[in-house]
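Student: Here it is, the structure, as structure tokens.
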Amino acid sequence: MIGLRIQTRQRLILFALENVAWPLFIIIYIILGLIRPIMFSSTYFIYILYLTIPLGFAIIAQAICLIGGVLDLSIGSIVGFSAMLAGLILKEYLHLIPPPLALLLPVSFGILCGMFNGFFIGFFRLNPFIVTLATMMVFQGLKIIISGGFTIPAGYLPELYLLPGSDLTISITSFIVISVVMWFFLKYTRKGIHIYVIGGDQNVGYMMGIDPRWMLFLIFTLSGMFSGISALFYTGFNRSVPITLGNEILFPSFAAAIIGGISLRGGRGSIINAVGGALLLGVIEAFLVTFAISPEARIVGYGFMVLIAILFNQFRESLRDSILRKI
Amino acid sequence: MERDDSPFEMKISSHEKPDNVPLLELRDIHKFYGKVHALKGVNFKIYEGEIVGLIGDNGAGKSTLVKIIAGVINRDRGEIYYKGEKINIRSVKDARKLGIETAFQEMTLIDSLDVGLNIFLGRELVNSSAPFILDYKNMYIRSREIVNKLGLRIADNLRREVRFLSGGERQGIVVARAMLFKSKLVILDEPTRNLSVAGVRMVLDFIRDLKKEGIACIFISHTLHQVYDVADRIVLLSRGEKLLDVPRQKHTLEELEDMILQTTYSSGSHV
């Protein structure tokens with residue numbers, strides 16, 4: 001029986017549409033570089049990567065949630081809270097904690113915060129939007145309370161703790177390795193595919209023996225874990241824990257995941273493309289830094305970026321659907 | 001609802017001959033949805049290799065009954081016996097352990113996943129040497145075999161997202177899944193919806209094959225005619241009650257139609 005074969009040209013268009021974040025990153029980098037030639041310098045490129053990696057982990061967190069058909073508004077707050085809590089513990093009890101174990105502190109706090117979200121969303125079937133809106137405020141407030149209003153300066157944190165976020169090679173290597181591991185987990189393991197199933201339709205998942213309660217718990221736990229990893233890299237990047245840490249993560253995490261082709265409808269998208277979206281965002285951010293733009297204007301910019309990302313993704317998806325329907 | 005800790009707590013039919021013990025027996029099953037009494041003390045049994053045609057109007061309780069058997073919903077009252085032993089079916093996994101495979105009326109497909117993954121949904125194959133890695137190759141090979149066996153023309157499109165398939169093809173995937181995982185009892189809830197004439201014939205052939213292999217089947221339909229062709233026994237549900245439970249071969253289609261009309265009218269149900 002001769003089935004319907006996908007023509008090569010259409011296959012190419014589909015591939016480009018699915019992975020559009022990467023070509024878009026290169027094109028926009030070149031365009032912005034032509035406007036601001038300083039962006040082509042190697043130090044600036046390193047700066048862009050630097051800028052992107054801590055945020056990149058938060059973007060992976062958001063991407064996992066969106067694939068699972070939910071969203072996590074508390075990611076930025078978890079980053080700030082777990083960085084602050086880990087930093088304070090290291091500041092007070094540095095002599096008690098072996099340095100390698102210190103690296104696990106913010107990650108564990110992130111996991112605990114994520115489990116807290118997942119517990120209410122999974123087992124009490126509460127709306128993820130409302131739960132994470134609430135915990136966003138809880139973690140944000142807790143961060144400020146425990147900090148006492150002060151930044152944790154670099155001198156109080158062990159050098160090994162700052163290393164992942166401050167050493168370029170370690171930073172890039174760990175980001176690539178962790179992204180690839182997560183991509184593999186989502187596409188090639190049972191639990192990973194079940195995240196797509198839950199994102200597609202929780203009821204169908206339930207009827208096919210996949211428990212949505214545990215899957216939602218897993219999704220938010222993973223989201224918390226990546227927020228914790230992000231906290232570790234932000235701390236290294238800043239060489240301190242500023243009290244504002246995590247305040248500007250939520251919006252870009254959405255924008256990058258959506259530019260990377262992860263649908264708000266849930267059940268589709270790939271981590272690798274979200275990483276492409278992260279780089280694209282990093283380039284735009286670095287470009288804006290070359291102008292003296294006020295923080296207020298940047299907030300306006302972020303707002304428009306999310307809007308444009310959603311519009312763009314809708315267009316991309318309908319184009320992709322119209323091609324797939326024909327073949 | 002009862003909560004038994006052990007799935008097999010008492011032997012009630014040890015004195016009976018094995019042949020006379022039903023594969024699955026439900027006694028006095030009640031189910032409430034809020035104030036709606038969806039099942040009002042239904043008794044139901046099915047023997048190994050038997051094909052039971054379950055018919056009734058929309059809202060008669062057919063889907064509720066099979067969802068209780070399939071472990072999707074819990075009964076509020078009543079007992080379930082598997083080969084004579086009292087058991088509980090609390091989840092889809094429990095039902096699968098007993099060899100119960102269900103093709104639900106709701107199209108249990110994930111639109112954004114491809115055909116191969118949808119066939120193996122929740123039971124994805126893993127690599128034998130690295131049991132945490134999915135074995136896509138094997139899943140596609142076995143999917144191809146089964147869709148070809150069913151006569152579905154989607155063997156070249158196994159990597160296609162199922163939302164782009166026609167209603168008949170989607171229904172075909174649900175039946176293909178039952179065909180692949182059949183073991184003791186197969187429940188088909190309105191399996192012929194959206195199917196072409198050829199598709200309906202495939203499903204009926206599949207049901208006859210089940211009988212040859214000694215696998216029991218509950219075939220649900222809202223029309224008598226399809227069920228009549230293959231069923232050994234016809235069960236009629238109406239408004240949560242069992243009105244009729246008769247062996248097919250003793251009656252002609254016309255007689256059965258008359259019986260259905262009489263019973264449903266006398267019980268005040270709409271026909």
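Scheme for the structure tokens: letters A, B, ... for chains in order shown; per-chain residue numbers from 1; ligand numbers from 1 in order shown.
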Under the rule of at most 10 Å, produce a per-residue listing of chain B near chain A: chain, number, name, the closest pair of atoms, and the distance in Å, as JSON lines, using only C-alpha atoms.
Tutor:
{"residue": "B:Lys67", "atom": "CA", "partner": "A:Met207", "partner_atom": "CA", "distance": 9.2}
{"residue": "B:Ala70", "atom": "CA", "partner": "A:Met207", "partner_atom": "CA", "distance": 8.8}
{"residue": "B:Gly71", "atom": "CA", "partner": "A:Met207", "partner_atom": "CA", "distance": 8.6}
{"residue": "B:Val72", "atom": "CA", "partner": "A:Met207", "partner_atom": "CA", "distance": 6.1}
{"residue": "B:Ile73", "atom": "CA", "partner": "A:Met207", "partner_atom": "CA", "distance": 9.5}
{"residue": "B:Ser91", "atom": "CA", "partner": "A:Gly209", "partner_atom": "CA", "distance": 7.3}
{"residue": "B:Val92", "atom": "CA", "partner": "A:Gly209", "partner_atom": "CA", "distance": 5.2}
{"residue": "B:Lys93", "atom": "CA", "partner": "A:Gly209", "partner_atom": "CA", "distance": 5.9}
{"residue": "B:Asp94", "atom": "CA", "partner": "A:Gly209", "partner_atom": "CA", "distance": 9.3}
{"residue": "B:Ala95", "atom": "CA", "partner": "A:Gly209", "partner_atom": "CA", "distance": 9.8}
{"residue": "B:Arg96", "atom": "CA", "partner": "A:Gly209", "partner_atom": "CA", "distance": 9.1}
{"residue": "B:Thr102", "atom": "CA", "partner": "A:Met208", "partner_atom": "CA", "distance": 9.3}
{"residue": "B:Ala103", "atom": "CA", "partner": "A:Met208", "partner_atom": "CA", "distance": 9.9}
{"residue": "B:Phe104", "atom": "CA", "partner": "A:Met207", "partner_atom": "CA", "distance": 8.4}
{"residue": "B:Glu106", "atom": "CA", "partner": "A:Val204", "partner_atom": "CA", "distance": 8.5}
{"residue": "B:Met107", "atom": "CA", "partner": "A:Val204", "partner_atom": "CA", "distance": 8.1}
{"residue": "B:Thr108", "atom": "CA", "partner": "A:Val204", "partner_atom": "CA", "distance": 5.1}
{"residue": "B:Leu109", "atom": "CA", "partner": "A:Val204", "partner_atom": "CA", "distance": 6.6}
{"residue": "B:Ile110", "atom": "CA", "partner": "A:Gly200", "partner_atom": "CA", "distance": 5.7}
{"residue": "B:Asp111", "atom": "CA", "partner": "A:Gly200", "partner_atom": "CA", "distance": 6.8}
{"residue": "B:Ser112", "atom": "CA", "partner": "A:Gly267", "partner_atom": "CA", "distance": 6.1}
{"residue": "B:Leu113", "atom": "CA", "partner": "A:Val197", "partner_atom": "CA", "distance": 7.9}
{"residue": "B:Leu117", "atom": "CA", "partner": "A:Ile193", "partner_atom": "CA", "distance": 8.8}
{"residue": "B:Asn118", "atom": "CA", "partner": "A:Val197", "partner_atom": "CA", "distance": 9.3}
{"residue": "B:Phe120", "atom": "CA", "partner": "A:Met208", "partner_atom": "CA", "distance": 9.5}
{"residue": "B:Leu121", "atom": "CA", "partner": "A:Met208", "partner_atom": "CA", "distance": 6.6}
{"residue": "B:Gly122", "atom": "CA", "partner": "A:Met208", "partner_atom": "CA", "distance": 5.7}
{"residue": "B:Arg123", "atom": "CA", "partner": "A:Arg190", "partner_atom": "CA", "distance": 8.4}
{"residue": "B:Glu124", "atom": "CA", "partner": "A:Arg190", "partner_atom": "CA", "distance": 6.6}
{"residue": "B:Leu125", "atom": "CA", "partner": "A:Arg190", "partner_atom": "CA", "distance": 8.6}
{"residue": "B:Val126", "atom": "CA", "partner": "A:Arg190", "partner_atom": "CA", "distance": 8.1}
{"residue": "B:Pro131", "atom": "CA", "partner": "A:Thr189", "partner_atom": "CA", "distance": 9.2}
{"residue": "B:Phe132", "atom": "CA", "partner": "A:Thr189", "partner_atom": "CA", "distance": 5.9}
{"residue": "B:Ile133", "atom": "CA", "partner": "A:Thr189", "partner_atom": "CA", "distance": 5.1}
{"residue": "B:Leu134", "atom": "CA", "partner": "A:Tyr188", "partner_atom": "CA", "distance": 5.1}
{"residue": "B:Asp135", "atom": "CA", "partner": "A:Tyr188", "partner_atom": "CA", "distance": 8.1}
{"residue": "B:Tyr136", "atom": "CA", "partner": "A:Tyr188", "partner_atom": "CA", "distance": 8.3}
{"residue": "B:Asn148", "atom": "CA", "partner": "A:Met1", "partner_atom": "CA", "distance": 9.7}
{"residue": "B:Arg153", "atom": "CA", "partner": "A:Gly3", "partner_atom": "CA", "distance": 7.3}
{"residue": "B:Ile154", "atom": "CA", "partner": "A:Gly3", "partner_atom": "CA", "distance": 7.2}
{"residue": "B:Ala155", "atom": "CA", "partner": "A:Gly3", "partner_atom": "CA", "distance": 7.4}
{"residue": "B:Asp156", "atom": "CA", "partner": "A:Gly3", "partner_atom": "CA", "distance": 5.3}
{"residue": "B:Asn157", "atom": "CA", "partner": "A:Gly3", "partner_atom": "CA", "distance": 7.3}
{"residue": "B:Arg160", "atom": "CA", "partner": "A:Leu324", "partner_atom": "CA", "distance": 8.7}
{"residue": "B:Glu161", "atom": "CA", "partner": "A:Leu324", "partner_atom": "CA", "distance": 9.0}
{"residue": "B:Arg163", "atom": "CA", "partner": "A:Arg325", "partner_atom": "CA", "distance": 9.2}
{"residue": "B:Phe164", "atom": "CA", "partner": "A:Arg325", "partner_atom": "CA", "distance": 6.0}
{"residue": "B:Leu165", "atom": "CA", "partner": "A:Arg325", "partner_atom": "CA", "distance": 8.8}
Student: Once you have the residues from the selection above, write them out as a tab-separated table (two decimals), in the first residue's frame, restricted to N, CA and C atoms.
Tutor:
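Output file result-v9.tsv follows:
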chain	number	residue	atom	x	y	z
B	67	LYS	N	-16.83	1.44	32.83
B	67	LYS	CA	-15.75	2.21	33.48
B	67	LYS	C	-15.45	1.66	34.87
B	70	ALA	N	-13.33	-1.27	34.16
B	70	ALA	CA	-12.02	-0.87	33.66
B	70	ALA	C	-11.18	-0.15	34.70
B	71	GLY	N	-11.78	0.13	35.87
B	71	GLY	CA	-11.02	0.79	36.94
B	71	GLY	C	-10.94	2.29	36.82
B	72	VAL	N	-11.71	2.89	35.91
B	72	VAL	CA	-11.66	4.34	35.75
B	72	VAL	C	-12.46	5.04	36.83
B	73	ILE	N	-13.62	4.47	37.18
B	73	ILE	CA	-14.38	5.04	38.30
B	73	ILE	C	-14.65	3.94	39.32
B	91	SER	N	-8.02	0.90	39.98
B	91	SER	CA	-7.37	1.76	38.98
B	91	SER	C	-7.29	1.01	37.66
B	92	VAL	N	-6.96	1.75	36.63
B	92	VAL	CA	-6.78	1.15	35.31
B	92	VAL	C	-5.69	0.08	35.38
B	93	LYS	N	-4.68	0.34	36.20
B	93	LYS	CA	-3.59	-0.63	36.32
B	93	LYS	C	-4.06	-1.93	36.94
B	94	ASP	N	-4.94	-1.83	37.96
B	94	ASP	CA	-5.51	-3.04	38.57
B	94	ASP	C	-6.23	-3.86	37.50
B	95	ALA	N	-7.04	-3.17	36.69
B	95	ALA	CA	-7.81	-3.87	35.65
B	95	ALA	C	-6.87	-4.54	34.67
B	96	ARG	N	-5.80	-3.85	34.30
B	96	ARG	CA	-4.86	-4.42	33.34
B	96	ARG	C	-4.18	-5.66	33.90
B	102	THR	N	-9.55	-2.15	27.74
B	102	THR	CA	-10.75	-1.39	27.37
B	102	THR	C	-10.47	-0.40	26.26
B	103	ALA	N	-11.36	-0.39	25.26
B	103	ALA	CA	-11.34	0.69	24.26
B	103	ALA	C	-12.51	1.60	24.61
B	104	PHE	N	-12.21	2.74	25.20
B	104	PHE	CA	-13.26	3.62	25.71
B	104	PHE	C	-13.99	4.32	24.58
B	106	GLU	N	-14.89	7.51	24.74
B	106	GLU	CA	-14.14	8.74	24.52
B	106	GLU	C	-12.90	8.36	23.76
B	107	MET	N	-12.55	9.13	22.75
B	107	MET	CA	-11.33	8.80	22.01
B	107	MET	C	-10.13	9.09	22.89
B	108	THR	N	-9.57	8.04	23.45
B	108	THR	CA	-8.47	8.23	24.37
B	108	THR	C	-7.16	8.38	23.61
B	109	LEU	N	-7.06	9.51	22.91
B	109	LEU	CA	-5.87	9.79	22.13
B	109	LEU	C	-5.29	11.14	22.55
B	110	ILE	N	-3.99	11.27	22.42
B	110	ILE	CA	-3.34	12.56	22.66
B	110	ILE	C	-3.03	13.17	21.29
B	111	ASP	N	-3.73	14.27	20.98
B	111	ASP	CA	-3.65	14.86	19.65
B	111	ASP	C	-2.24	15.21	19.20
B	112	SER	N	-1.41	15.66	20.14
B	112	SER	CA	-0.10	16.15	19.74
B	112	SER	C	0.95	15.04	19.63
B	113	LEU	N	0.57	13.81	19.97
B	113	LEU	CA	1.53	12.70	19.83
B	113	LEU	C	1.21	11.89	18.58
B	117	LEU	N	3.05	6.31	19.38
B	117	LEU	CA	3.00	6.58	20.81
B	117	LEU	C	1.59	6.47	21.35
B	118	ASN	N	0.59	6.84	20.52
B	118	ASN	CA	-0.79	6.74	20.98
B	118	ASN	C	-1.22	5.29	21.17
B	120	PHE	N	0.66	2.88	22.13
B	120	PHE	CA	1.32	2.38	23.34
B	120	PHE	C	1.15	3.30	24.55
B	121	LEU	N	0.20	4.22	24.46
B	121	LEU	CA	0.00	5.23	25.51
B	121	LEU	C	-0.08	4.61	26.91
B	122	GLY	N	0.82	5.05	27.79
B	122	GLY	CA	0.81	4.54	29.16
B	122	GLY	C	1.49	3.19	29.31
B	123	ARG	N	1.83	2.55	28.18
B	123	ARG	CA	2.50	1.24	28.23
B	123	ARG	C	3.63	1.22	27.24
B	124	GLU	N	4.36	2.32	27.15
B	124	GLU	CA	5.42	2.45	26.16
B	124	GLU	C	6.45	1.34	26.34
B	125	LEU	N	6.96	0.85	25.23
B	125	LEU	CA	7.97	-0.20	25.30
B	125	LEU	C	9.31	0.41	25.65
B	126	VAL	N	10.08	-0.30	26.44
B	126	VAL	CA	11.42	0.17	26.77
B	126	VAL	C	12.47	-0.82	26.27
B	131	PRO	N	16.53	-0.35	30.48
B	131	PRO	CA	15.07	-0.32	30.69
B	131	PRO	C	14.47	1.06	30.96
B	132	PHE	N	15.31	2.12	31.01
B	132	PHE	CA	14.71	3.43	31.21
B	132	PHE	C	14.58	4.19	29.89
B	133	ILE	N	15.07	3.58	28.80
B	133	ILE	CA	15.00	4.26	27.50
B	133	ILE	C	13.88	3.67	26.65
B	134	LEU	N	13.10	4.53	26.03
B	134	LEU	CA	11.99	4.07	25.19
B	134	LEU	C	12.52	3.38	23.93
B	135	ASP	N	11.83	2.31	23.57
B	135	ASP	CA	12.22	1.56	22.38
B	135	ASP	C	11.28	1.94	21.23
B	136	TYR	N	11.57	3.10	20.63
B	136	TYR	CA	10.70	3.60	19.56
B	136	TYR	C	10.62	2.63	18.39
B	148	ASN	N	-1.92	-2.65	10.07
B	148	ASN	CA	-2.11	-3.39	8.83
B	148	ASN	C	-3.12	-4.52	9.01
B	153	ARG	N	-5.24	2.30	6.74
B	153	ARG	CA	-4.23	2.74	5.79
B	153	ARG	C	-3.34	3.83	6.38
B	154	ILE	N	-2.83	3.59	7.56
B	154	ILE	CA	-1.99	4.62	8.18
B	154	ILE	C	-0.59	4.09	8.49
B	155	ALA	N	-0.25	2.93	7.92
B	155	ALA	CA	1.05	2.32	8.24
B	155	ALA	C	2.22	3.22	7.85
B	156	ASP	N	2.05	4.05	6.81
B	156	ASP	CA	3.14	4.94	6.41
B	156	ASP	C	3.14	6.25	7.19
B	157	ASN	N	2.14	6.40	8.03
B	157	ASN	CA	1.98	7.67	8.75
B	157	ASN	C	2.07	7.49	10.26
B	160	ARG	N	2.85	10.45	12.35
B	160	ARG	CA	2.01	11.61	12.18
B	160	ARG	C	1.22	11.88	13.47
B	161	GLU	N	1.07	13.17	13.80
B	161	GLU	CA	0.25	13.51	14.96
B	161	GLU	C	-1.18	13.07	14.68
B	163	ARG	N	-4.01	14.14	15.48
B	163	ARG	CA	-5.08	15.12	15.24
B	163	ARG	C	-5.30	15.35	13.75
B	164	PHE	N	-4.35	14.92	12.92
B	164	PHE	CA	-4.53	15.11	11.48
B	164	PHE	C	-5.20	13.91	10.82
B	165	LEU	N	-5.57	12.91	11.62
B	165	LEU	CA	-6.21	11.73	11.04
B	165	LEU	C	-7.73	11.90	11.05
Student: Env of segment 218-224 of chain B: 7 Å cut, atoms = only C-alpha atoms, seq-sep filter 3 positions within chain, self excluded. Answer as a list in words.
Tutor: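 Near segment 218-224 of chain B, the qualifying residues are Ile51, Val52, Gly53, Leu54, Ile55, Gly56, Asp57, Val186, Ile187, Leu188, Asp189, Glu190, Val227 and Tyr228 of chain B.
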Student: Fewer than 3 positions away in the same chain doesn't count, so skip those; otherwise give me all residues within 10 Å of Lys143 of chain A, counting only C-alpha atoms, as a PyMOL selection string.
Tutor: chain A and resi 77-85+137-140+146-149+243-246
Student: When you look at Pro23 of chain A with a cut-off of 12 Å (counting only C-alpha atoms), what residues show up, excluding the ones that are within fewer than 3 positions of it in the same chain? I need them as a list in words.
Tutor: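 With the cut-off at 12 Å, the set is Phe15, Ala16, Leu17, Glu18, Asn19, Val20, Ile26, Ile27, Ile28, Tyr29, Ile30, Ile259, Gly260, Asn273, Gly276, Gly277, Leu279 and Leu280 of chain A.
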Student: Of the residues A:Leu216, A:Leu34, A:Ile178, A:Ile75, which is the one nearest to Phe124 of chain A, using only C-alpha atoms?
Tutor: A:Leu216
